[in-house]
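To be precise, the following lines are entry_37.pdb, and they hold PDB, C-alpha atoms.
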ATOM      1  CA  MET T  14     -78.935  45.887 -28.515
ATOM      2  CA  ASN T  15     -80.791  46.821 -31.685
ATOM      3  CA  ASN T  16     -79.329  46.374 -35.176
ATOM      4  CA  ASN T  17     -78.313  49.999 -35.607
ATOM      5  CA  LYS T  18     -76.510  50.130 -32.245
ATOM      6  CA  ARG T  19     -74.645  46.947 -33.166
ATOM      7  CA  TYR T  20     -73.063  48.825 -36.083
ATOM      8  CA  LEU T  21     -71.994  51.850 -34.004
ATOM      9  CA  PRO T  22     -68.249  50.926 -34.090
ATOM     10  CA  VAL T  23     -68.441  50.611 -37.900
ATOM     11  CA  TYR T  24     -70.173  53.995 -38.174
ATOM     12  CA  ALA T  25     -67.528  55.497 -35.864
ATOM     13  CA  LEU T  26     -64.762  54.105 -38.104
ATOM     14  CA  ILE T  27     -66.476  55.508 -41.215
ATOM     15  CA  MET T  28     -66.842  58.858 -39.419
ATOM     16  CA  ILE T  29     -63.093  58.909 -38.633
ATOM     17  CA  LEU T  30     -62.260  58.067 -42.277
ATOM     18  CA  GLY T  31     -64.607  60.813 -43.479
ATOM     19  CA  ALA T  32     -63.080  63.335 -41.074
ATOM     20  CA  ALA T  33     -59.580  62.307 -42.219
ATOM     21  CA  ALA T  34     -60.537  62.773 -45.886
ATOM     22  CA  LEU T  35     -62.079  66.171 -45.090
ATOM     23  CA  ILE T  36     -59.007  67.349 -43.131
ATOM     24  CA  PHE T  37     -56.695  66.061 -45.882
ATOM     25  CA  GLY T  38     -58.780  67.913 -48.472
ATOM     26  CA  LEU T  39     -58.702  71.157 -46.507
ATOM     27  CA  ILE T  40     -54.959  70.949 -45.822
ATOM     28  CA  SER T  41     -54.090  69.915 -49.390
ATOM     29  CA  SER T  42     -56.081  72.855 -50.770
ATOM     30  CA  LYS T  43     -53.586  75.138 -49.003
ATOM     31  CA  LEU T  44     -50.427  73.114 -49.744
ATOM     32  CA  LEU T  45     -50.990  71.480 -53.146
ATOM     33  CA  ASP T  46     -51.588  73.091 -56.514
ATOM     34  CA  ASN T  47     -53.874  70.255 -57.569
ATOM     35  CA  SER T  48     -57.370  71.529 -56.777
ATOM     36  CA  LEU T  49     -58.929  68.338 -58.199
ATOM     37  CA  ILE T  50     -57.454  66.140 -55.440
ATOM     38  CA  SER T  51     -58.306  68.563 -52.635
ATOM     39  CA  GLY T  52     -61.817  69.194 -54.004
ATOM     40  CA  PHE T  53     -62.505  65.488 -54.416
ATOM     41  CA  SER T  54     -61.119  64.683 -50.959
ATOM     42  CA  THR T  55     -63.087  67.496 -49.277
ATOM     43  CA  GLY T  56     -66.324  66.510 -51.049
ATOM     44  CA  LEU T  57     -65.889  62.819 -50.271
ATOM     45  CA  GLY T  58     -65.003  63.642 -46.653
ATOM     46  CA  ILE T  59     -68.123  65.773 -46.190
ATOM     47  CA  VAL T  60     -70.396  63.099 -47.705
ATOM     48  CA  VAL T  61     -68.884  60.230 -45.676
ATOM     49  CA  LEU T  62     -68.712  62.241 -42.436
ATOM     50  CA  SER T  63     -72.283  63.546 -42.663
ATOM     51  CA  SER T  64     -73.602  60.104 -43.598
ATOM     52  CA  ALA T  65     -71.813  58.472 -40.643
ATOM     53  CA  LEU T  66     -72.957  61.206 -38.228
ATOM     54  CA  THR T  67     -76.563  60.814 -39.408
ATOM     55  CA  ARG T  68     -76.424  57.069 -38.842
ATOM     56  CA  ILE T  69     -74.841  57.459 -35.397
ATOM     57  CA  ALA T  70     -77.445  60.044 -34.371
ATOM     58  CA  THR T  71     -80.275  57.844 -35.672
ATOM     59  CA  ALA T  72     -78.905  54.770 -33.890
ATOM     60  CA  LEU T  73     -78.584  56.631 -30.584
ATOM     61  CA  ALA T  74     -81.932  58.423 -30.816
ATOM     62  CA  THR T  75     -84.052  55.468 -31.975
ATOM     63  CA  SER T  76     -85.462  53.245 -29.275
ATOM     64  CA  GLU T  77     -85.471  49.463 -29.668
ATOM     65  CA  GLN T  78     -89.263  49.483 -30.053
ATOM     66  CA  LYS T  79     -89.145  52.174 -32.743
ATOM     67  CA  GLN T  80     -86.312  50.352 -34.502
ATOM     68  CA  LYS T  81     -88.397  47.176 -34.630
ATOM     69  CA  GLU T  82     -91.336  49.148 -36.058
ATOM     70  CA  LEU T  83     -89.083  50.646 -38.733
ATOM     71  CA  GLU T  84     -87.752  47.191 -39.626
ATOM     72  CA  ILE T  85     -91.300  45.846 -39.941
ATOM     73  CA  GLU T  86     -92.233  48.797 -42.181
ATOM     74  CA  LEU T  87     -89.186  48.123 -44.348
ATOM     75  CA  LYS T  88     -89.719  44.370 -44.642
ATOM     76  CA  ASP T  89     -93.512  44.595 -44.951
ATOM     77  CA  GLU T  90     -94.556  42.711 -48.099
ATOM     78  CA  ARG T  91     -97.160  45.303 -49.136
ATOM     79  CA  ASN T  92     -94.559  48.063 -48.850
ATOM     80  CA  SER T  93     -92.162  45.939 -50.940
ATOM     81  CA  ALA T  94     -94.860  45.501 -53.583
ATOM     82  CA  ILE T  95     -95.497  49.269 -53.553
ATOM     83  CA  ARG T  96     -91.768  49.953 -53.970
ATOM     84  CA  GLU T  97     -91.549  47.495 -56.897
ATOM     85  CA  LYS T  98     -94.537  49.031 -58.661
ATOM     86  CA  ALA T  99     -93.264  52.574 -58.034
ATOM     87  CA  ALA T 100     -89.794  51.654 -59.353
ATOM     88  CA  TRP T 101     -91.242  50.063 -62.483
ATOM     89  CA  SER T 102     -93.525  53.067 -63.136
ATOM     90  CA  THR T 103     -90.569  55.421 -62.620
ATOM     91  CA  CYS T 104     -88.526  53.357 -65.068
ATOM     92  CA  LYS T 105     -91.301  53.602 -67.674
ATOM     93  CA  VAL T 106     -91.468  57.400 -67.251
ATOM     94  CA  LEU T 107     -87.750  58.026 -66.963
ATOM     95  CA  LEU T 108     -86.546  56.184 -70.089
ATOM     96  CA  PRO T 109     -88.606  58.158 -72.647
ATOM     97  CA  THR T 110     -87.947  61.395 -70.707
ATOM     98  CA  MET T 111     -84.202  60.845 -70.942
ATOM     99  CA  GLY T 112     -84.578  59.955 -74.621
ATOM    100  CA  VAL T 113     -86.378  63.256 -75.294
ATOM    101  CA  ALA T 114     -83.740  65.146 -73.296
ATOM    102  CA  ALA T 115     -80.925  63.483 -75.295
ATOM    103  CA  LEU T 116     -82.690  64.341 -78.558
ATOM    104  CA  ALA T 117     -83.278  67.954 -77.476
ATOM    105  CA  LEU T 118     -79.604  68.329 -76.537
ATOM    106  CA  ALA T 119     -78.455  66.769 -79.820
ATOM    107  CA  LEU T 120     -80.713  69.085 -81.825
ATOM    108  CA  SER T 121     -79.317  72.091 -79.989
ATOM    109  CA  ASN T 122     -75.771  70.973 -80.906
ATOM    110  CA  GLN T 123     -74.850  70.023 -77.328
ATOM    111  CA  PHE T 124     -73.407  66.659 -78.270
ATOM    112  CA  ILE T 125     -71.494  66.019 -75.053
ATOM    113  CA  GLY T 126     -74.664  66.360 -72.974
ATOM    114  CA  ALA T 127     -76.593  64.235 -75.462
ATOM    115  CA  CYS T 128     -73.897  61.537 -75.374
ATOM    116  CA  VAL T 129     -73.882  61.536 -71.542
ATOM    117  CA  ILE T 130     -77.656  61.047 -71.417
ATOM    118  CA  ALA T 131     -77.497  58.439 -74.193
ATOM    119  CA  GLY T 132     -74.831  56.641 -72.119
ATOM    120  CA  ILE T 133     -77.063  56.738 -69.043
ATOM    121  CA  ILE T 134     -79.954  55.330 -71.101
ATOM    122  CA  LEU T 135     -77.667  52.550 -72.326
ATOM    123  CA  VAL T 136     -76.477  51.691 -68.789
ATOM    124  CA  TYR T 137     -80.085  51.840 -67.562
ATOM    125  CA  SER T 138     -81.330  49.528 -70.338
ATOM    126  CA  VAL T 139     -78.450  47.062 -70.033
ATOM    127  CA  SER T 140     -78.808  46.856 -66.231
ATOM    128  CA  LEU T 141     -82.575  46.417 -66.577
ATOM    129  CA  ALA T 142     -82.052  43.504 -68.976
ATOM    130  CA  ALA T 143     -79.231  42.051 -66.848
ATOM    131  CA  PHE T 144     -81.200  42.227 -63.571
ATOM    132  CA  SER T 145     -84.310  40.812 -65.274
ATOM    133  CA  THR T 146     -82.287  37.830 -66.514
ATOM    134  CA  TYR T 147     -80.619  37.410 -63.098
ATOM    135  CA  TYR T 148     -83.907  37.432 -61.162
ATOM    136  CA  SER T 149     -85.616  35.324 -63.820
ATOM    137  CA  LYS T 150     -83.070  32.579 -63.088
ATOM    138  CA  ARG T 151     -83.212  33.036 -59.304
ATOM    139  CA  LEU T 152     -86.963  33.169 -58.825
TER     140      LEU T 152
ATOM    141  CA  MET K  11    -109.675  37.538 -53.872
ATOM    142  CA  ASN K  12    -112.312  37.941 -51.159
ATOM    143  CA  ASN K  13    -111.646  37.147 -47.541
ATOM    144  CA  LYS K  14    -113.268  36.880 -44.154
ATOM    145  CA  LEU K  15    -110.326  38.375 -42.325
ATOM    146  CA  GLU K  16    -112.163  41.333 -40.797
ATOM    147  CA  GLU K  17    -115.010  39.117 -39.659
ATOM    148  CA  ILE K  18    -112.666  36.539 -38.107
ATOM    149  CA  ARG K  19    -110.492  39.206 -36.494
ATOM    150  CA  LYS K  20    -113.485  40.963 -34.929
ATOM    151  CA  SER K  21    -114.977  37.695 -33.726
ATOM    152  CA  ARG K  22    -111.728  37.024 -31.855
ATOM    153  CA  GLY K  23    -111.711  40.531 -30.358
ATOM    154  CA  ILE K  24    -108.393  41.529 -31.887
ATOM    155  CA  ASN K  25    -107.682  44.934 -33.355
ATOM    156  CA  GLN K  26    -105.699  45.570 -36.543
ATOM    157  CA  GLU K  27    -102.696  46.864 -34.605
ATOM    158  CA  GLU K  28    -102.430  43.690 -32.504
ATOM    159  CA  LEU K  29    -102.792  41.434 -35.539
ATOM    160  CA  ALA K  30    -100.192  43.432 -37.462
ATOM    161  CA  LYS K  31     -97.772  43.207 -34.549
ATOM    162  CA  ALA K  32     -98.281  39.444 -34.194
ATOM    163  CA  LEU K  33     -97.664  38.851 -37.899
ATOM    164  CA  GLU K  34     -94.836  41.409 -38.119
ATOM    165  CA  VAL K  35     -96.496  43.405 -40.892
ATOM    166  CA  SER K  36     -97.727  46.993 -40.988
ATOM    167  CA  ARG K  37    -101.239  47.928 -39.881
ATOM    168  CA  GLN K  38    -101.882  49.256 -43.401
ATOM    169  CA  THR K  39    -101.238  45.763 -44.784
ATOM    170  CA  ILE K  40    -103.942  44.320 -42.520
ATOM    171  CA  CYS K  41    -106.280  47.151 -43.553
ATOM    172  CA  SER K  42    -105.599  46.549 -47.281
ATOM    173  CA  LEU K  43    -106.082  42.802 -46.833
ATOM    174  CA  GLU K  44    -109.426  43.323 -45.146
ATOM    175  CA  THR K  45    -110.681  45.669 -47.842
ATOM    176  CA  GLY K  46    -109.483  43.249 -50.535
ATOM    177  CA  LYS K  47    -107.151  45.814 -52.107
ATOM    178  CA  TYR K  48    -104.112  43.634 -51.511
ATOM    179  CA  ASN K  49    -103.718  39.878 -51.882
ATOM    180  CA  PRO K  50    -101.207  38.375 -49.453
ATOM    181  CA  SER K  51     -98.222  36.248 -50.336
ATOM    182  CA  ILE K  52     -98.577  32.547 -49.606
ATOM    183  CA  THR K  53     -96.289  33.034 -46.563
ATOM    184  CA  LEU K  54     -98.518  35.718 -45.076
ATOM    185  CA  ALA K  55    -101.632  33.693 -45.860
ATOM    186  CA  PHE K  56    -100.131  30.739 -43.950
ATOM    187  CA  LYS K  57     -99.127  33.022 -41.065
ATOM    188  CA  LEU K  58    -102.687  34.335 -40.842
ATOM    189  CA  ALA K  59    -104.153  30.851 -40.983
ATOM    190  CA  LYS K  60    -101.750  29.655 -38.291
ATOM    191  CA  TYR K  61    -102.473  32.675 -36.105
ATOM    192  CA  PHE K  62    -106.231  32.070 -36.199
ATOM    193  CA  ASN K  63    -105.770  28.292 -36.110
ATOM    194  CA  LEU K  64    -107.742  27.925 -39.342
ATOM    195  CA  LYS K  65    -107.095  26.723 -42.893
ATOM    196  CA  ILE K  66    -106.158  29.274 -45.567
ATOM    197  CA  GLU K  67    -109.385  28.520 -47.434
ATOM    198  CA  ASP K  68    -111.375  29.325 -44.270
ATOM    199  CA  ILE K  69    -110.044  32.886 -44.479
ATOM    200  CA  PHE K  70    -109.532  33.515 -48.193
ATOM    201  CA  ILE K  71    -112.046  32.781 -50.913
ATOM    202  CA  TYR K  72    -110.755  32.237 -54.422
ATOM    203  CA  GLU K  73    -112.817  34.350 -56.869
ATOM    204  CA  GLU K  74    -113.666  31.408 -59.157
ATOM    205  CA  GLU K  75    -115.494  29.758 -56.267
ATOM    206  CA  ILE K  76    -117.779  32.788 -55.891
ATOM    207  CA  GLN K  77    -118.599  32.912 -59.607
TER     208      GLN K  77
END

Would you write the structure of this file as C-alpha cells?
Amino acid sequence: MNNNKRYLPVYALIMILGAAALIFGLISSKLLDNSLISGFSTGLGIVVLSSALTRIATALATSEQKQKELEIELKDERNSAIREKAAWSTCKVLLPTMGVAALALALSNQFIGACVIAGIILVYSVSLAAFSTYYSKRL
Amino acid sequence: MNNKLEEIRKSRGINQEELAKALEVSRQTICSLETGKYNPSITLAFKLAKYFNLKIEDIFIYEEEIQ
C-alpha cells in the first residue's frame, strides 16, 4: 500500500468533518442571525471538504509506481536546492514590494491597509530571523 | 566541479533514467550533474561512487586540481 493510500481513513475522517462543518454552516445560515458563524463554518467546511476529496481522489488514482516517482521528485536534492533558491529570491522581491505597497497605502491615507501590510512585513522579518537562528543551531 | 560521470555511465552501458532510478533521484539531477551545472551533496556523491564501485575522486574532480 502506498503512502497516500495508508492515509485514506484520515482523509475520510477529515472529509466527514468538513461535510459536517459545511452542513452546520448551511443550516445555521437559515436558523441563526449570526452570519459570521455560518459564513465561517460554510467557508471552512468547503475548504476542508474539497481538500480531503482532492487527496482521496489523488490517492485512489495514483498508482504505486507513480507515487514513488512523485516522492523521488519531491525528495530530490536538486529540486530541494531549486526550491530553496526560489524561496530566497521570492523573499528578496516580496519584502521591498510589500514595503512600497505599505508606503503607497499610507500616503493615500489608507492607514488600516498600511498597518496590515506593515504587520505582515514584521511577521515575515521576525520569522525569517527566527528560522535562520533555529536552522543555524540545527545545521 | 568537473566530473567523469557521463563517461563512466556510458562505459557501463547505463542510461540516465536507470541511474536516476537506482540512486532515487530525478533524471534531471543526473543530467545537471553530467553537465556540471549542479554539484551533488556528499551523500549523493557517495551513492554514485558506491553504485559504480569507485572512489568519489575517481568520478569528481575538484577544480583546484585542474588549475

Margin query: Residues near K:Ala32, anyone? I mean within 10 Å using all atoms listed in the file, not counting same-chain ones fewer than 4 positions away, as a ChimeraX atom specification.
Written below: /K:26-28,57-58,61

Next item on the list: Would you work out the distance separating atom CA of T:Ala115 from atom CA of T:Leu135, expressed in Å to one decimal?
Entry: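 Separating atom CA of T:Ala115 from atom CA of T:Leu135 is a distance of 11.8 Å.
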
So that I can see what lies close to K:Pro50, please list as a PDB file with C-alpha atoms, in the coordinates of the input the residues with an atom at most 9 Å from it, counting all atoms listed in the file and leaving out residues fewer than 5 positions away in the same chain.
ATOM      1  CA  GLU T  90     -94.556  42.711 -48.099  1.00  0.00           C
ATOM      2  CA  ARG T  91     -97.160  45.303 -49.136  1.00  0.00           C
TER       3      ARG T  91
ATOM      4  CA  THR K  39    -101.238  45.763 -44.784  1.00  0.00           C
ATOM      5  CA  LEU K  43    -106.082  42.802 -46.833  1.00  0.00           C
ATOM      6  CA  ALA K  55    -101.632  33.693 -45.860  1.00  0.00           C
TER       7      ALA K  55
END

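For the pair atom CA of T:Leu45 and atom CA of T:Ala65, the interatomic distance is 27.6 Å.
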
Item checked: Residues matched by the ChimeraX specification (/K :<12) & /T, written as a list in words ->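 Taken over the shown coordinates, the ChimeraX specification (/K :<12) & /T returns Gln78, Lys81, Glu82, Leu83, Glu84, Ile85, Glu86, Leu87, Lys88, Asp89, Glu90, Arg91, Asn92, Ser93, Ala94 and Ile95 of chain T.
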
Margin query: As a check of understanding, name the residues that the PyMOL selection byres ((chain T and resi 59) around 10) selects in the supplied structure, as a PyMOL selection string.
Written below: chain T and resi 28+31-32+34-36+38+53-58+60-65

Checklist line | stretch 139-142 of chain T surroundings by all atoms listed in the file, 12 Å radius, close-in-sequence under 3 positions cut, as a PyMOL selection string | finding: chain T and resi 100-101+104-105+108+132-136+145-149

Next item on the list: Enter the distance from atom CA of T:Ile69 to atom CA of T:Val23, in Å, rounded to one decimal.
Entry: 9.7 Å

Item checked: Nearest residue to K:Ile66 from the set K:Leu29, K:Cys41, K:Leu15, K:Ile24 (distances using only C-alpha atoms) -> K:Leu15

Item checked: Which of T:Arg151, T:Lys79, T:Lys43, T:Arg68 sits closest to T:Arg19 [using all atoms listed in the file] ->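 Looking at the shortest contact to T:Arg19, the residue is T:Arg68.
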
Check: Which residues match the PyMOL selection byres ((chain K and resi 67-72) around 7) in the file above, as number ranges by chain?
Finding: K: 11-15, 64-66, 73-75

Starting from 4 Å padding per side, set up an axis-aligned box that covers all listed atoms of stretch 39-55 of chain T and hand over centre and edge lengths in Å, one decimal, as AutoDock Vina command-line options.
--center_x -56.8 --center_y 69.9 --center_z -52.0 --size_x 20.7 --size_y 18.5 --size_z 20.4

Could you add whatever atoms are missing so that stretch 117-128 of chain T carries all heavy atoms, then write the result as a PDB file, in the coordinates of the input?
ATOM      1  N   ALA T 117     -83.243  66.486 -77.553  1.00  0.00           N
ATOM      2  CA  ALA T 117     -83.278  67.954 -77.476  1.00  0.00           C
ATOM      3  C   ALA T 117     -81.858  68.518 -77.413  1.00  0.00           C
ATOM      4  O   ALA T 117     -81.558  69.514 -78.087  1.00  0.00           O
ATOM      5  CB  ALA T 117     -84.078  68.382 -76.250  1.00  0.00           C
ATOM      6  N   LEU T 118     -80.992  67.865 -76.645  1.00  0.00           N
ATOM      7  CA  LEU T 118     -79.604  68.329 -76.537  1.00  0.00           C
ATOM      8  C   LEU T 118     -78.868  68.155 -77.864  1.00  0.00           C
ATOM      9  O   LEU T 118     -78.114  69.033 -78.291  1.00  0.00           O
ATOM     10  CB  LEU T 118     -78.873  67.576 -75.419  1.00  0.00           C
ATOM     11  CG  LEU T 118     -79.226  67.988 -73.992  1.00  0.00           C
ATOM     12  CD1 LEU T 118     -78.645  67.006 -72.998  1.00  0.00           C
ATOM     13  CD2 LEU T 118     -78.700  69.383 -73.686  1.00  0.00           C
ATOM     14  N   ALA T 119     -79.118  67.025 -78.528  1.00  0.00           N
ATOM     15  CA  ALA T 119     -78.455  66.769 -79.820  1.00  0.00           C
ATOM     16  C   ALA T 119     -78.906  67.794 -80.854  1.00  0.00           C
ATOM     17  O   ALA T 119     -78.087  68.290 -81.636  1.00  0.00           O
ATOM     18  CB  ALA T 119     -78.775  65.350 -80.278  1.00  0.00           C
ATOM     19  N   LEU T 120     -80.192  68.110 -80.851  1.00  0.00           N
ATOM     20  CA  LEU T 120     -80.713  69.085 -81.825  1.00  0.00           C
ATOM     21  C   LEU T 120     -80.205  70.503 -81.563  1.00  0.00           C
ATOM     22  O   LEU T 120     -80.154  71.315 -82.472  1.00  0.00           O
ATOM     23  CB  LEU T 120     -82.257  69.067 -81.808  1.00  0.00           C
ATOM     24  CG  LEU T 120     -82.901  67.808 -82.396  1.00  0.00           C
ATOM     25  CD1 LEU T 120     -84.405  67.825 -82.183  1.00  0.00           C
ATOM     26  CD2 LEU T 120     -82.583  67.655 -83.884  1.00  0.00           C
ATOM     27  N   SER T 121     -79.862  70.762 -80.291  1.00  0.00           N
ATOM     28  CA  SER T 121     -79.317  72.091 -79.989  1.00  0.00           C
ATOM     29  C   SER T 121     -77.778  72.087 -79.990  1.00  0.00           C
ATOM     30  O   SER T 121     -77.151  72.926 -79.364  1.00  0.00           O
ATOM     31  CB  SER T 121     -79.874  72.600 -78.653  1.00  0.00           C
ATOM     32  OG  SER T 121     -79.559  71.674 -77.642  1.00  0.00           O
ATOM     33  N   ASN T 122     -77.226  71.093 -80.697  1.00  0.00           N
ATOM     34  CA  ASN T 122     -75.771  70.973 -80.906  1.00  0.00           C
ATOM     35  C   ASN T 122     -74.963  70.779 -79.612  1.00  0.00           C
ATOM     36  O   ASN T 122     -73.782  71.075 -79.583  1.00  0.00           O
ATOM     37  CB  ASN T 122     -75.213  72.174 -81.671  1.00  0.00           C
ATOM     38  CG  ASN T 122     -75.654  72.152 -83.117  1.00  0.00           C
ATOM     39  OD1 ASN T 122     -75.877  71.085 -83.687  1.00  0.00           O
ATOM     40  ND2 ASN T 122     -75.797  73.321 -83.702  1.00  0.00           N
ATOM     41  N   GLN T 123     -75.594  70.301 -78.572  1.00  0.00           N
ATOM     42  CA  GLN T 123     -74.850  70.023 -77.328  1.00  0.00           C
ATOM     43  C   GLN T 123     -74.595  68.512 -77.273  1.00  0.00           C
ATOM     44  O   GLN T 123     -75.253  67.786 -76.542  1.00  0.00           O
ATOM     45  CB  GLN T 123     -75.648  70.517 -76.121  1.00  0.00           C
ATOM     46  CG  GLN T 123     -75.794  72.025 -76.132  1.00  0.00           C
ATOM     47  CD  GLN T 123     -76.537  72.555 -74.934  1.00  0.00           C
ATOM     48  OE1 GLN T 123     -76.519  71.961 -73.879  1.00  0.00           O
ATOM     49  NE2 GLN T 123     -77.184  73.689 -75.110  1.00  0.00           N
ATOM     50  N   PHE T 124     -73.619  68.096 -78.080  1.00  0.00           N
ATOM     51  CA  PHE T 124     -73.407  66.659 -78.270  1.00  0.00           C
ATOM     52  C   PHE T 124     -72.856  65.948 -77.038  1.00  0.00           C
ATOM     53  O   PHE T 124     -73.156  64.788 -76.819  1.00  0.00           O
ATOM     54  CB  PHE T 124     -72.520  66.421 -79.488  1.00  0.00           C
ATOM     55  CG  PHE T 124     -73.220  66.786 -80.767  1.00  0.00           C
ATOM     56  CD1 PHE T 124     -72.854  67.916 -81.481  1.00  0.00           C
ATOM     57  CD2 PHE T 124     -74.283  66.035 -81.234  1.00  0.00           C
ATOM     58  CE1 PHE T 124     -73.525  68.273 -82.644  1.00  0.00           C
ATOM     59  CE2 PHE T 124     -74.962  66.379 -82.401  1.00  0.00           C
ATOM     60  CZ  PHE T 124     -74.585  67.511 -83.107  1.00  0.00           C
ATOM     61  N   ILE T 125     -72.055  66.671 -76.250  1.00  0.00           N
ATOM     62  CA  ILE T 125     -71.494  66.019 -75.053  1.00  0.00           C
ATOM     63  C   ILE T 125     -72.631  65.649 -74.091  1.00  0.00           C
ATOM     64  O   ILE T 125     -72.716  64.519 -73.614  1.00  0.00           O
ATOM     65  CB  ILE T 125     -70.441  66.914 -74.363  1.00  0.00           C
ATOM     66  CG1 ILE T 125     -69.244  67.090 -75.297  1.00  0.00           C
ATOM     67  CG2 ILE T 125     -69.980  66.311 -73.024  1.00  0.00           C
ATOM     68  CD1 ILE T 125     -68.197  68.074 -74.836  1.00  0.00           C
ATOM     69  N   GLY T 126     -73.513  66.606 -73.859  1.00  0.00           N
ATOM     70  CA  GLY T 126     -74.664  66.360 -72.974  1.00  0.00           C
ATOM     71  C   GLY T 126     -75.540  65.239 -73.506  1.00  0.00           C
ATOM     72  O   GLY T 126     -75.966  64.349 -72.755  1.00  0.00           O
ATOM     73  N   ALA T 127     -75.763  65.267 -74.829  1.00  0.00           N
ATOM     74  CA  ALA T 127     -76.593  64.235 -75.462  1.00  0.00           C
ATOM     75  C   ALA T 127     -75.948  62.859 -75.320  1.00  0.00           C
ATOM     76  O   ALA T 127     -76.636  61.879 -75.025  1.00  0.00           O
ATOM     77  CB  ALA T 127     -76.785  64.571 -76.931  1.00  0.00           C
ATOM     78  N   CYS T 128     -74.615  62.824 -75.492  1.00  0.00           N
ATOM     79  CA  CYS T 128     -73.897  61.537 -75.374  1.00  0.00           C
ATOM     80  C   CYS T 128     -73.944  61.018 -73.938  1.00  0.00           C
ATOM     81  O   CYS T 128     -74.089  59.810 -73.712  1.00  0.00           O
ATOM     82  CB  CYS T 128     -72.445  61.693 -75.813  1.00  0.00           C
ATOM     83  SG  CYS T 128     -72.297  61.804 -77.596  1.00  0.00           S
TER      84      CYS T 128
END
